[in-house]
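Participant: Below is target09.cif; it holds mmCIF, C-alpha atoms.
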```cif
data_model
#
loop_
_atom_site.label_atom_id
_atom_site.label_comp_id
_atom_site.auth_asym_id
_atom_site.auth_seq_id
_atom_site.Cartn_x
_atom_site.Cartn_y
_atom_site.Cartn_z
CA MET U 104 13.85 -12.57 13.08
CA LEU U 105 14.06 -15.34 10.50
CA HIS U 106 15.65 -14.21 7.24
CA ARG U 107 15.08 -16.19 4.04
CA THR U 108 17.74 -16.84 1.45
CA ALA U 109 17.43 -15.97 -2.25
CA ARG U 110 15.66 -19.25 -2.96
CA TRP U 111 13.11 -20.52 -0.51
CA ARG U 112 14.55 -23.55 1.31
CA ALA U 113 12.85 -26.84 0.48
CA GLY U 114 11.62 -27.46 4.01
CA GLU U 115 10.17 -23.96 4.32
CA LEU U 116 8.48 -24.26 0.94
CA PHE U 117 6.87 -27.57 1.87
CA ALA U 118 5.66 -26.20 5.22
CA ALA U 119 4.30 -23.06 3.62
CA ALA U 120 2.63 -25.03 0.84
CA LEU U 121 1.04 -27.37 3.40
CA SER U 122 -0.15 -24.43 5.48
CA PHE U 123 -1.48 -22.72 2.37
CA SER U 124 -3.30 -25.88 1.28
CA ILE U 125 -4.93 -26.25 4.69
CA TRP U 126 -5.87 -22.53 4.66
CA THR U 127 -7.45 -22.65 1.20
CA ASN U 128 -9.24 -25.96 1.82
CA THR U 129 -10.60 -24.64 5.10
CA ALA U 130 -11.70 -21.44 3.43
CA ALA U 131 -13.47 -23.40 0.71
CA ALA U 132 -15.26 -25.56 3.28
CA ASN U 133 -16.29 -22.52 5.29
CA GLN U 134 -17.69 -20.88 2.17
CA ALA U 135 -20.36 -23.53 1.93
CA GLU U 136 -21.67 -23.39 5.45
CA ASN U 137 -20.15 -21.01 7.99
CA ILE U 138 -19.50 -17.63 6.40
CA PRO U 139 -22.24 -15.07 6.95
CA ALA U 140 -23.66 -13.12 4.04
CA PRO U 141 -24.17 -9.38 4.39
CA SER U 142 -27.53 -7.99 5.45
CA PRO U 143 -29.20 -6.09 2.56
CA HIS U 144 -30.70 -3.47 4.85
CA LYS U 145 -27.34 -2.90 6.55
CA LEU U 146 -25.65 -2.53 3.18
CA GLU U 147 -28.15 0.22 2.49
CA ARG U 148 -26.56 2.18 5.36
CA ILE U 149 -23.39 2.42 3.27
CA THR U 150 -25.46 3.95 0.49
CA GLU U 151 -27.05 6.41 2.90
CA PHE U 152 -23.65 7.38 4.30
CA PHE U 153 -22.04 8.19 0.96
CA ASN U 154 -25.16 9.84 -0.43
CA ASN U 155 -25.01 12.19 2.54
CA GLU U 156 -21.27 12.86 2.06
CA VAL U 157 -21.94 13.92 -1.52
CA ALA U 158 -25.15 15.82 -0.78
CA THR U 159 -23.48 17.88 1.96
CA GLY U 160 -20.52 18.75 -0.26
CA LYS U 161 -17.87 16.87 1.70
CA LEU U 162 -17.04 14.59 -1.24
CA PRO U 163 -17.35 15.04 -4.99
CA GLY U 164 -17.97 11.31 -5.24
CA ALA U 165 -16.74 7.79 -4.49
CA VAL U 166 -17.01 4.21 -5.71
CA VAL U 167 -17.44 1.27 -3.34
CA LEU U 168 -17.21 -2.49 -3.85
CA ILE U 169 -17.76 -5.39 -1.47
CA GLN U 170 -17.06 -8.74 -3.10
CA GLN U 171 -17.64 -12.10 -1.43
CA HIS U 172 -16.85 -15.55 -2.83
CA GLY U 173 -15.52 -13.80 -5.93
CA LYS U 174 -18.79 -12.01 -6.74
CA PRO U 175 -19.95 -8.46 -5.96
CA VAL U 176 -22.49 -8.23 -3.13
CA TYR U 177 -22.37 -4.44 -3.11
CA LEU U 178 -21.26 -2.09 -5.90
CA LYS U 179 -22.24 1.58 -5.91
CA CYS U 180 -21.00 4.76 -7.53
CA PHE U 181 -21.71 8.07 -5.82
CA GLY U 182 -21.60 11.63 -7.07
CA VAL U 183 -19.26 12.92 -9.73
CA GLN U 184 -15.62 12.35 -10.59
CA ASP U 185 -15.06 16.09 -11.09
CA VAL U 186 -17.28 18.89 -9.83
CA ALA U 187 -16.16 21.03 -12.79
CA THR U 188 -17.28 18.60 -15.50
CA LYS U 189 -19.99 16.87 -13.44
CA ALA U 190 -19.05 13.57 -15.11
CA PRO U 191 -20.61 10.78 -13.01
CA MET U 192 -18.54 8.30 -11.06
CA THR U 193 -18.29 4.84 -12.64
CA PRO U 194 -16.39 1.61 -11.89
CA ASP U 195 -13.96 2.76 -14.62
CA THR U 196 -13.26 6.18 -13.11
CA ILE U 197 -9.50 6.52 -12.65
CA PHE U 198 -8.15 7.43 -9.20
CA ALA U 199 -4.68 8.37 -8.04
CA LEU U 200 -3.83 5.49 -5.71
CA HIS U 201 -0.99 7.21 -3.88
CA SER U 202 0.13 4.73 -1.18
CA MET U 203 -2.15 1.96 -2.43
CA THR U 204 0.60 1.65 -5.06
CA LYS U 205 2.82 0.07 -2.40
CA PRO U 206 1.14 -3.37 -2.27
CA ILE U 207 1.51 -3.75 -6.05
CA THR U 208 5.21 -2.81 -5.99
CA SER U 209 5.74 -5.15 -3.03
CA VAL U 210 4.17 -8.04 -4.95
CA ALA U 211 6.55 -7.27 -7.82
CA ALA U 212 9.51 -7.50 -5.43
CA MET U 213 8.24 -10.77 -3.96
CA MET U 214 8.00 -12.20 -7.49
CA LEU U 215 11.71 -11.51 -7.97
CA ILE U 216 12.44 -13.16 -4.61
CA ASP U 217 10.37 -16.14 -5.78
CA ALA U 218 12.51 -16.28 -8.93
CA GLY U 219 15.73 -16.30 -6.89
CA LYS U 220 16.84 -12.95 -8.34
CA LEU U 221 16.51 -11.03 -5.08
CA SER U 222 16.86 -11.90 -1.40
CA LEU U 223 15.36 -10.36 1.70
CA THR U 224 18.84 -10.30 3.21
CA ASP U 225 20.47 -8.48 0.28
CA PRO U 226 21.81 -5.06 1.29
CA ALA U 227 20.39 -2.15 -0.69
CA SER U 228 24.00 -1.19 -1.51
CA LYS U 229 24.33 -4.35 -3.61
CA PHE U 230 22.11 -2.64 -6.18
CA ILE U 231 22.51 1.06 -5.31
CA PRO U 232 26.16 1.57 -4.29
CA ALA U 233 25.44 4.97 -2.72
CA PHE U 234 23.75 3.13 0.17
CA ALA U 235 27.16 1.82 1.24
CA ASP U 236 27.90 5.31 2.56
CA VAL U 237 24.53 6.05 4.17
CA LYS U 238 24.54 7.57 7.66
CA VAL U 239 22.03 7.72 10.50
CA GLY U 240 21.02 11.20 11.69
CA VAL U 241 21.04 11.49 15.49
CA PRO U 242 19.54 14.71 16.92
CA SER U 243 22.26 16.47 18.92
CA THR U 244 22.97 19.85 20.48
CA ALA U 245 26.11 21.93 19.93
CA ALA U 246 27.97 23.67 22.75
CA ASP U 247 26.13 26.91 22.00
CA GLY U 248 22.77 25.16 22.23
CA THR U 249 22.21 24.90 18.48
CA PRO U 250 20.47 21.64 17.46
CA PHE U 251 22.13 19.63 14.71
CA LEU U 252 22.11 16.15 13.21
CA LYS U 253 25.09 14.08 14.19
CA LEU U 254 25.82 11.60 11.40
CA VAL U 255 26.84 8.14 12.59
CA PRO U 256 27.37 4.86 10.71
CA PRO U 257 24.47 2.39 10.66
CA ASP U 258 24.79 -0.62 12.95
CA ARG U 259 24.09 -2.81 9.94
CA PRO U 260 23.22 -2.28 6.26
CA VAL U 261 19.73 -1.44 5.04
CA THR U 262 18.32 -4.65 3.54
CA ILE U 263 15.58 -5.52 1.08
CA GLU U 264 13.51 -6.71 4.04
CA ASP U 265 13.93 -3.31 5.71
CA LEU U 266 12.66 -1.62 2.56
CA LEU U 267 9.66 -3.95 2.29
CA ARG U 268 8.61 -3.65 5.94
CA HIS U 269 9.47 0.08 6.41
CA THR U 270 12.29 -0.45 8.90
CA SER U 271 15.02 1.07 6.72
CA GLY U 272 15.10 4.43 8.50
CA ILE U 273 14.11 6.14 5.24
CA THR U 274 11.22 8.50 5.92
CA TYR U 275 8.95 11.10 4.37
CA ASP U 276 9.77 14.77 4.82
CA TYR U 277 6.86 15.30 7.23
CA ILE U 278 7.51 12.43 9.66
CA GLY U 279 11.09 11.97 10.84
CA GLY U 280 11.45 14.80 13.37
CA LYS U 281 12.34 18.47 12.77
CA LEU U 282 16.01 17.99 11.92
CA ILE U 283 15.41 15.02 9.60
CA ASP U 284 12.48 16.85 8.02
CA LYS U 285 14.72 19.85 7.38
CA ALA U 286 17.43 17.66 5.86
CA TYR U 287 14.88 16.21 3.44
CA LYS U 288 13.34 19.57 2.55
CA ASP U 289 16.75 21.21 2.02
CA SER U 290 18.11 18.36 -0.11
CA GLY U 291 16.50 19.16 -3.45
CA LEU U 292 14.99 15.67 -3.47
CA PHE U 293 12.25 16.69 -5.89
CA ASP U 294 14.19 19.22 -7.98
CA GLY U 295 14.13 18.99 -11.76
CA LYS U 296 13.47 15.72 -13.53
CA PHE U 297 14.22 12.56 -11.57
CA PRO U 298 13.58 9.03 -12.81
CA ASN U 299 13.81 6.25 -10.26
CA LYS U 300 17.59 5.98 -10.70
CA VAL U 301 18.17 9.61 -9.73
CA PHE U 302 15.61 9.56 -6.95
CA ALA U 303 17.08 6.48 -5.26
CA GLU U 304 20.58 7.95 -5.39
CA ARG U 305 19.31 11.18 -3.84
CA ILE U 306 17.59 9.25 -1.04
CA ALA U 307 20.81 7.32 -0.33
CA ARG U 308 22.60 10.62 0.35
CA LEU U 309 20.08 11.63 3.02
CA PRO U 310 20.42 10.62 6.69
CA LEU U 311 18.36 7.73 7.98
CA SER U 312 15.91 8.72 10.69
CA ARG U 313 16.69 5.62 12.79
CA GLN U 314 19.07 2.67 12.85
CA PRO U 315 17.94 0.04 10.31
CA GLY U 316 15.57 -2.55 11.75
CA THR U 317 14.66 -0.62 14.90
CA LEU U 318 11.50 1.37 14.10
CA TRP U 319 8.53 1.11 11.72
CA ARG U 320 8.82 4.41 9.90
CA TYR U 321 6.77 5.23 6.81
CA GLY U 322 8.62 6.76 3.92
CA HIS U 323 10.22 6.36 0.51
CA SER U 324 11.38 2.77 1.14
CA THR U 325 9.02 1.37 -1.50
CA ASP U 326 10.32 3.90 -4.02
CA VAL U 327 13.80 2.46 -3.47
CA ILE U 328 12.35 -1.04 -3.95
CA GLY U 329 10.94 0.20 -7.25
CA ARG U 330 14.41 1.20 -8.42
CA ILE U 331 15.89 -2.13 -7.30
CA ILE U 332 13.21 -3.96 -9.30
CA GLU U 333 14.39 -2.00 -12.35
CA ILE U 334 18.04 -2.92 -11.75
CA VAL U 335 17.32 -6.61 -11.17
CA SER U 336 14.84 -6.99 -14.04
CA GLY U 337 16.50 -4.74 -16.61
CA GLN U 338 13.12 -3.09 -17.24
CA THR U 339 11.47 0.08 -16.05
CA LEU U 340 9.25 -0.46 -13.02
CA TYR U 341 6.13 -0.03 -15.14
CA GLN U 342 7.39 -2.43 -17.80
CA PHE U 343 8.03 -5.11 -15.18
CA GLU U 344 4.72 -4.58 -13.38
CA LYS U 345 2.82 -4.44 -16.68
CA GLN U 346 4.34 -7.69 -17.93
CA HIS U 347 4.11 -9.68 -14.71
CA ILE U 348 1.12 -8.24 -12.82
CA LEU U 349 -1.02 -5.68 -14.65
CA ASP U 350 -1.49 -7.31 -18.05
CA PRO U 351 -2.03 -10.85 -16.70
CA LEU U 352 -4.58 -9.50 -14.21
CA ARG U 353 -6.23 -7.43 -16.99
CA MET U 354 -5.61 -4.22 -15.05
CA THR U 355 -5.64 -2.18 -18.24
CA SER U 356 -6.17 1.24 -16.63
CA THR U 357 -3.47 0.88 -13.98
CA LYS U 358 -0.36 2.86 -14.90
CA TYR U 359 1.93 5.71 -13.88
CA VAL U 360 1.13 8.05 -16.76
CA LEU U 361 -2.19 8.39 -18.57
CA ASP U 362 -1.74 8.02 -22.31
CA SER U 363 -4.85 9.50 -23.86
CA ALA U 364 -7.39 12.29 -23.58
CA ASP U 365 -10.05 9.65 -22.89
CA GLU U 366 -8.11 8.36 -19.89
CA ARG U 367 -7.51 11.86 -18.56
CA ALA U 368 -11.24 12.60 -18.87
CA ARG U 369 -11.95 9.60 -16.60
CA MET U 370 -9.69 10.94 -13.83
CA ALA U 371 -11.28 11.67 -10.45
CA GLU U 372 -10.42 15.11 -9.09
CA PRO U 373 -10.47 16.39 -5.49
CA LEU U 374 -12.68 19.26 -4.43
CA PRO U 375 -11.16 22.71 -5.05
CA SER U 376 -10.97 23.16 -1.26
CA ASP U 377 -8.79 20.06 -0.83
CA THR U 378 -5.59 22.04 -1.31
CA ILE U 379 -3.11 19.56 0.22
CA LEU U 380 -4.24 16.78 -2.11
CA LEU U 381 -4.43 19.14 -5.08
CA ASP U 382 -0.82 20.20 -4.47
CA SER U 383 0.26 16.57 -4.11
CA GLU U 384 -1.51 15.56 -7.30
CA ARG U 385 -0.05 18.53 -9.19
CA GLU U 386 3.44 17.40 -8.19
CA ARG U 387 2.74 13.78 -9.13
CA ARG U 388 1.46 14.71 -12.58
CA ALA U 389 4.32 17.14 -13.15
CA HIS U 390 6.85 14.30 -12.93
CA PRO U 391 5.85 11.61 -15.44
CA GLU U 392 9.47 10.44 -15.51
CA TRP U 393 9.21 9.32 -11.87
CA GLU U 394 7.53 5.92 -11.61
CA SER U 395 7.04 6.08 -7.87
CA GLY U 396 6.69 2.54 -6.55
CA GLY U 397 5.45 4.03 -3.30
CA GLY U 398 2.72 6.28 -4.64
CA GLY U 399 2.64 6.87 -8.39
CA LEU U 400 0.02 4.53 -9.84
CA VAL U 401 -3.49 5.39 -10.93
CA SER U 402 -6.18 2.73 -11.21
CA THR U 403 -9.89 1.96 -11.26
CA LEU U 404 -12.25 0.02 -9.03
CA ASN U 405 -12.52 -2.73 -11.66
CA ASP U 406 -8.73 -3.02 -11.88
CA TYR U 407 -7.92 -2.96 -8.19
CA ALA U 408 -10.63 -5.51 -7.47
CA ARG U 409 -8.68 -7.96 -9.63
CA PHE U 410 -5.52 -7.33 -7.61
CA ALA U 411 -7.34 -7.61 -4.28
CA GLN U 412 -9.06 -10.85 -5.31
CA MET U 413 -5.67 -12.30 -6.25
CA ILE U 414 -4.44 -11.47 -2.73
CA LEU U 415 -7.56 -13.02 -1.19
CA ASN U 416 -6.92 -16.17 -3.23
CA GLY U 417 -3.44 -16.50 -1.76
CA GLY U 418 -1.53 -15.15 -4.77
CA GLU U 419 -3.56 -16.76 -7.56
CA LEU U 420 -6.38 -15.71 -9.89
CA ASP U 421 -8.07 -17.41 -12.85
CA GLY U 422 -5.66 -20.33 -12.73
CA LYS U 423 -2.50 -18.17 -12.85
CA ARG U 424 -0.21 -18.05 -9.84
CA TYR U 425 1.53 -14.74 -9.12
CA LEU U 426 3.19 -15.64 -5.81
CA SER U 427 4.30 -19.01 -4.52
CA PRO U 428 2.64 -20.19 -1.29
CA ALA U 429 5.88 -19.43 0.56
CA ALA U 430 6.17 -15.91 -0.84
CA PHE U 431 2.51 -15.18 -0.14
CA LYS U 432 2.81 -16.45 3.43
CA ALA U 433 5.91 -14.30 4.00
CA MET U 434 4.24 -11.24 2.54
CA THR U 435 1.16 -11.57 4.74
CA THR U 436 2.88 -12.48 8.03
CA ASP U 437 3.63 -9.86 10.67
CA HIS U 438 7.35 -9.02 10.64
CA VAL U 439 7.33 -6.11 13.09
CA GLY U 440 5.65 -7.73 16.08
CA PRO U 441 7.01 -9.11 19.37
CA GLY U 442 10.52 -10.45 19.06
CA SER U 443 11.28 -8.54 15.87
CA GLY U 444 13.12 -5.72 17.64
CA VAL U 445 10.98 -3.20 15.76
CA ALA U 446 9.49 -0.34 17.80
CA ARG U 447 6.38 1.70 17.03
CA ASP U 448 5.52 5.34 17.62
CA TYR U 449 2.75 7.83 16.86
CA PHE U 450 3.36 7.37 13.12
CA TYR U 451 2.67 3.62 13.11
CA PHE U 452 0.08 3.74 10.33
CA PRO U 453 -0.99 0.06 10.28
CA GLY U 454 -2.88 0.99 13.42
CA ASP U 455 -4.27 -0.63 16.54
CA GLY U 456 -4.33 -4.42 16.36
CA PHE U 457 -2.28 -4.63 13.17
CA GLY U 458 1.18 -5.87 12.40
CA TYR U 459 2.93 -5.38 9.08
CA GLY U 460 4.13 -7.85 6.48
CA TYR U 461 5.79 -6.89 3.22
CA GLY U 462 3.63 -4.12 1.79
CA LEU U 463 0.44 -5.01 3.69
CA ALA U 464 -0.89 -4.49 7.20
CA VAL U 465 -2.13 -7.72 8.81
CA ARG U 466 -4.55 -7.93 11.75
CA THR U 467 -2.88 -9.85 14.56
CA ASP U 468 -5.09 -9.11 17.58
CA PRO U 469 -8.19 -7.17 18.63
CA GLY U 470 -6.09 -4.15 19.62
CA ASN U 471 -6.27 -1.91 22.67
CA ALA U 472 -9.43 0.06 21.91
CA LYS U 473 -12.61 -0.74 23.85
CA PRO U 474 -14.59 -1.96 22.02
CA PRO U 475 -12.04 -3.28 19.50
CA PRO U 476 -12.06 -1.80 16.00
CA PRO U 477 -14.19 -3.82 13.55
CA GLY U 478 -12.56 -6.53 11.46
CA SER U 479 -11.13 -10.02 11.65
CA ILE U 480 -7.88 -11.55 12.78
CA GLY U 481 -5.85 -12.18 9.62
CA GLU U 482 -7.42 -9.41 7.56
CA LEU U 483 -5.09 -7.51 5.25
CA LYS U 484 -5.36 -3.86 4.27
CA TRP U 485 -3.78 -0.67 3.07
CA ASP U 486 -4.94 2.85 2.30
CA SER U 487 -3.57 6.18 1.10
CA GLY U 488 -3.38 9.90 1.69
CA SER U 489 -5.97 10.44 -1.04
CA GLY U 490 -8.59 8.42 0.86
CA THR U 491 -8.39 5.19 -1.14
CA TYR U 492 -8.72 1.99 0.91
CA PHE U 493 -8.84 -1.74 0.38
CA GLY U 494 -9.27 -4.69 2.70
CA VAL U 495 -8.97 -8.45 2.26
CA ASP U 496 -10.70 -10.70 4.79
CA PRO U 497 -10.05 -14.44 4.42
CA SER U 498 -12.44 -15.35 7.26
CA LEU U 499 -15.33 -13.82 5.29
CA ASN U 500 -13.86 -14.71 1.88
CA MET U 501 -14.37 -11.04 1.11
CA ILE U 502 -12.64 -7.99 -0.34
CA TYR U 503 -13.81 -4.42 0.03
CA ILE U 504 -12.59 -1.31 -1.75
CA MET U 505 -13.40 2.37 -1.46
CA LEU U 506 -11.95 4.84 -3.95
CA GLU U 507 -12.31 8.57 -3.40
CA GLN U 508 -10.08 11.63 -3.68
CA THR U 509 -9.99 13.54 -0.41
CA GLN U 510 -7.29 14.38 2.04
CA ASN U 511 -9.50 16.64 4.13
CA GLU U 512 -12.15 14.03 4.98
CA ARG U 513 -10.36 10.69 4.76
CA GLY U 514 -9.49 10.47 8.47
CA ARG U 515 -13.19 10.59 9.30
CA ILE U 516 -14.56 8.57 6.37
CA LEU U 517 -12.20 5.55 6.49
CA PRO U 518 -13.13 4.26 9.96
CA ALA U 519 -16.81 5.01 9.36
CA PHE U 520 -16.73 3.07 6.09
CA LYS U 521 -14.98 0.08 7.63
CA ALA U 522 -17.45 0.00 10.52
CA LEU U 523 -20.36 -0.01 8.08
CA VAL U 524 -18.83 -2.85 6.04
CA TYR U 525 -18.32 -5.10 9.05
CA ASP U 526 -21.64 -4.21 10.61
CA ALA U 527 -23.29 -5.48 7.42
CA PHE U 528 -21.84 -8.94 8.15
CA ALA U 529 -22.63 -8.91 11.87
CA ALA U 530 -25.60 -10.78 13.27
CA ASP U 531 -28.62 -8.65 14.18
CA LYS U 532 -28.89 -8.03 17.89
#
```
Here is a file; write its structure as structure tokens.
Facilitator:
Amino acid sequence: MLHRTARWRAGELFAAALSFSIWTNTAAANQAENIPAPSPHKLERITEFFNNEVATGKLPGAVVLIQQHGKPVYLKCFGVQDVATKAPMTPDTIFALHSMTKPITSVAAMMLIDAGKLSLTDPASKFIPAFADVKVGVPSTAADGTPFLKLVPPDRPVTIEDLLRHTSGITYDYIGGKLIDKAYKDSGLFDGKFPNKVFAERIARLPLSRQPGTLWRYGHSTDVIGRIIEIVSGQTLYQFEKQHILDPLRMTSTKYVLDSADERARMAEPLPSDTILLDSERERRAHPEWESGGGGLVSTLNDYARFAQMILNGGELDGKRYLSPAAFKAMTTDHVGPGSGVARDYFYFPGDGFGYGYGLAVRTDPGNAKPPPPGSIGELKWDSGSGTYFGVDPSLNMIYIMLEQTQNERGRILPAFKALVYDAFAADK
């Protein structure tokens, strides 16, 4: 695995810039002649699908955007943002992003790496000293047959790269195995008030679920990155993201805490039957002091489209560059594939055919399914437990976003939605 120093080396920067220039010039040339446009009658199938979801009571509503060559080719709002108020969905309806927060926080970290203020090889303990004493929890059995976690030293420190690519061993309390799950649940991780500083220190006292760098394991890694951004920048996470990402991109409704009654009235709500998501949202809103870099932002379709278009453009939008070509290339390259030493298990959420960069899944191959899942090699994506989803496809010069609030139905809706999007671009048979 190639690790980069705090400042991108001159040779790497030139190579990345050259590669980026070729990529963008090729994309521009393809725009003119080779990229298919979506079929209007196939786009109508997306409308029929979501109309049915709302009509049958499976969803309160959703908003969907497909944008190609920087312009919307499909934009629809379905149903209501709240079944209690019956306020209609709009492009300015505010959604809890949950894990779609992670790409934004990861871009913020890459900006600090670009500035030479942070390095992928930095140990987390450089910024959060409690990580110097972190241990790995190994499931073991006592002489009387009682299972317990044996705490052993890590083979190497948790690094910034581990946090960005989810190979730190930090997990969520529903993933890491029964003994790790119990350690998380018994720790008081979410007790009382906990800003990022307190939360990161609490995480550092918990056992890692695996040795650093050995397994892709979803968890609170991006929350720790959020705290490190605060330490390095001297700002709160929101202040840094607002100054460097949100305000320049004109993402005016993207924030951790809603400030006004008008904003709160624009908030999308799950169905009353969606109890897991309702509980999760209740906890998120009850802790305004916690700016969770892994799952705390809310946003709108209009806002997130700006972010996604910046990613499609290689880290640039409206003449402003947010990521250098080298940083963008690093962020969107698979770092957990063959030769990385990183294993995968049932909880490998990027999914079949996808590797993982820094905060984004990247399509590396068709995958094992027959037929392969829809999509393109090189596409980027991420989604969330609340059903939000976005994809970036350079080969089609296209972004697509679906915002909804459902935990109950997301596992069924997400693949159906993606299939409908890509079918709209496929040639008629």
Participant: How many Å lie between atom CA of Leu499 of chain U and atom CA of Trp485 of chain U, rounded to one decimal?
Facilitator: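 Taking atom CA of Leu499 of chain U and atom CA of Trp485 of chain U, their separation equals 17.6 Å.
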Participant: On this file, the PyMOL selection byres ((chain U and resi 391) around 10) gives some set of residues; write that set as a list in words.
Facilitator: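 With the PyMOL selection byres ((chain U and resi 391) around 10) on this model, the match is Lys296, Phe297, Pro298, Tyr359, Val360, Leu361, Glu386, Arg387, Arg388, Ala389, His390, Glu392, Trp393, Glu394, Ser395 and Gly399 of chain U.
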Participant: Hey, can I get the axis-aligned box for segment 413-416 of chain U? All listed atoms, 6 Å padding on each side, centre and edge lengths in Å to one decimal, as JSON.
Facilitator:
```
{"center_x": -6.0, "center_y": -13.8, "center_z": -3.7, "size_x": 15.1, "size_y": 16.7, "size_z": 17.1}
```
Participant: Report the residues retrieved by the PyMOL selection byres ((chain U and resi 367) around 12) from the displayed file, expressed as a PyMOL selection string.
Facilitator: chain U and resi 184-185+195-199+356+360-366+368-372+388+401-402
Participant: As number ranges by chain, please: the residues near segment 230-244 of chain U (cut-off 7 Å, all atoms listed in the file, same-chain neighbours under 5 positions excluded).
Facilitator: U: 249-257, 282, 304, 307-308, 310-314, 331, 334
Participant: Return as a list of chain:residue names the set of residues that the PyMOL selection byres ((chain U and resi 169) around 9) yields on the displayed structure.
Facilitator: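 So the PyMOL selection byres ((chain U and resi 169) around 9) ends up selecting U:Val167, U:Leu168, U:Gln170, U:Gln171, U:Lys174, U:Pro175, U:Val176, U:Tyr177, U:Leu178, U:Met501, U:Ile502, U:Tyr503, U:Ile504, U:Met505, U:Val524.
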Participant: When you draw a straight line from atom CA of Val495 of chain U to atom CA of Gly329 of chain U, how long is it in Å?
Facilitator: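 Between atom CA of Val495 of chain U and atom CA of Gly329 of chain U the gap works out to 23.7 Å.
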Participant: Near Val157 of chain U, within 7 Å and counting all atoms listed in the file, which residues show up once chain neighbours fewer than 6 positions away are dropped, as an MDAnalysis selection string?
Facilitator: chainID U and resid 163:164 182
Participant: Counting only C-alpha atoms, what is within 8 Å of His323 of chain U, bar same-chain residues fewer than 6 positions away, as a PyMOL selection string?
Facilitator: chain U and resi 273-275+397
Participant: If you measure from atom CA of Lys189 of chain U to atom CA of Glu151 of chain U, what distance in Å do you get, rounded to one decimal?
Facilitator: 20.6 Å
Participant: Could you check which of U:Leu292, U:Ala303, U:Val186, U:Ile516 is closest to Ala227 of chain U, using all atoms listed in the file?
Facilitator: U:Ala303
Participant: Please determine, counting only C-alpha atoms, which residue among U:Tyr407, U:Ala519, U:Arg305, U:Leu267 has the shortest atom-to-atom distance to Asp437 of chain U.
Facilitator: U:Leu267
Participant: Let me make sure I understand: among U:Ile278, U:Ala158, U:Ile414, U:Leu223, which one has the smallest atom-to-atom distance to Phe452 of chain U if we use all atoms listed in the file?
Facilitator: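 The closest residue to Phe452 of chain U is U:Ile278.
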Participant: Would you kindly return, as a count of residues only, each protein, DNA or RNA residue with an atom no farther than 8 Å from any atom of Asp377 of chain U, considering all atoms listed in the file and excluding same-chain residues fewer than 3 positions away?
Facilitator: 7
Participant: Nearest to Ala522 of chain U among U:Pro477, U:Gly444, U:Pro191, U:Gly398, with distances taken over all atoms listed in the file: which residue is it?
Facilitator: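 Of U:Pro477, U:Gly444, U:Pro191, U:Gly398, the one nearest Ala522 of chain U, counting all atoms listed in the file, is U:Pro477.
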Participant: Near Val166 of chain U, counting all atoms listed in the file, which residues have an atom at most 7 Å away, once you skip same-chain residues fewer than 3 positions from it, shown as a list in words?
Facilitator: Lys179, Cys180, Phe181, Met192, Pro194, Met505, Leu506 and Glu507 of chain U
Participant: With all atoms listed in the file as the atoms that count, which of U:Leu318, U:Val465, U:Leu420, U:Ile348 lies nearest to Tyr451 of chain U?
Facilitator: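 With all atoms listed in the file as the atom set, the closest residue is U:Leu318.
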Participant: With only C-alpha atoms as the basis for distance, which of U:Lys345, U:Tyr449, U:Ala408, U:Thr193 is at the shortest distance from Gly279 of chain U?
Facilitator: U:Tyr449
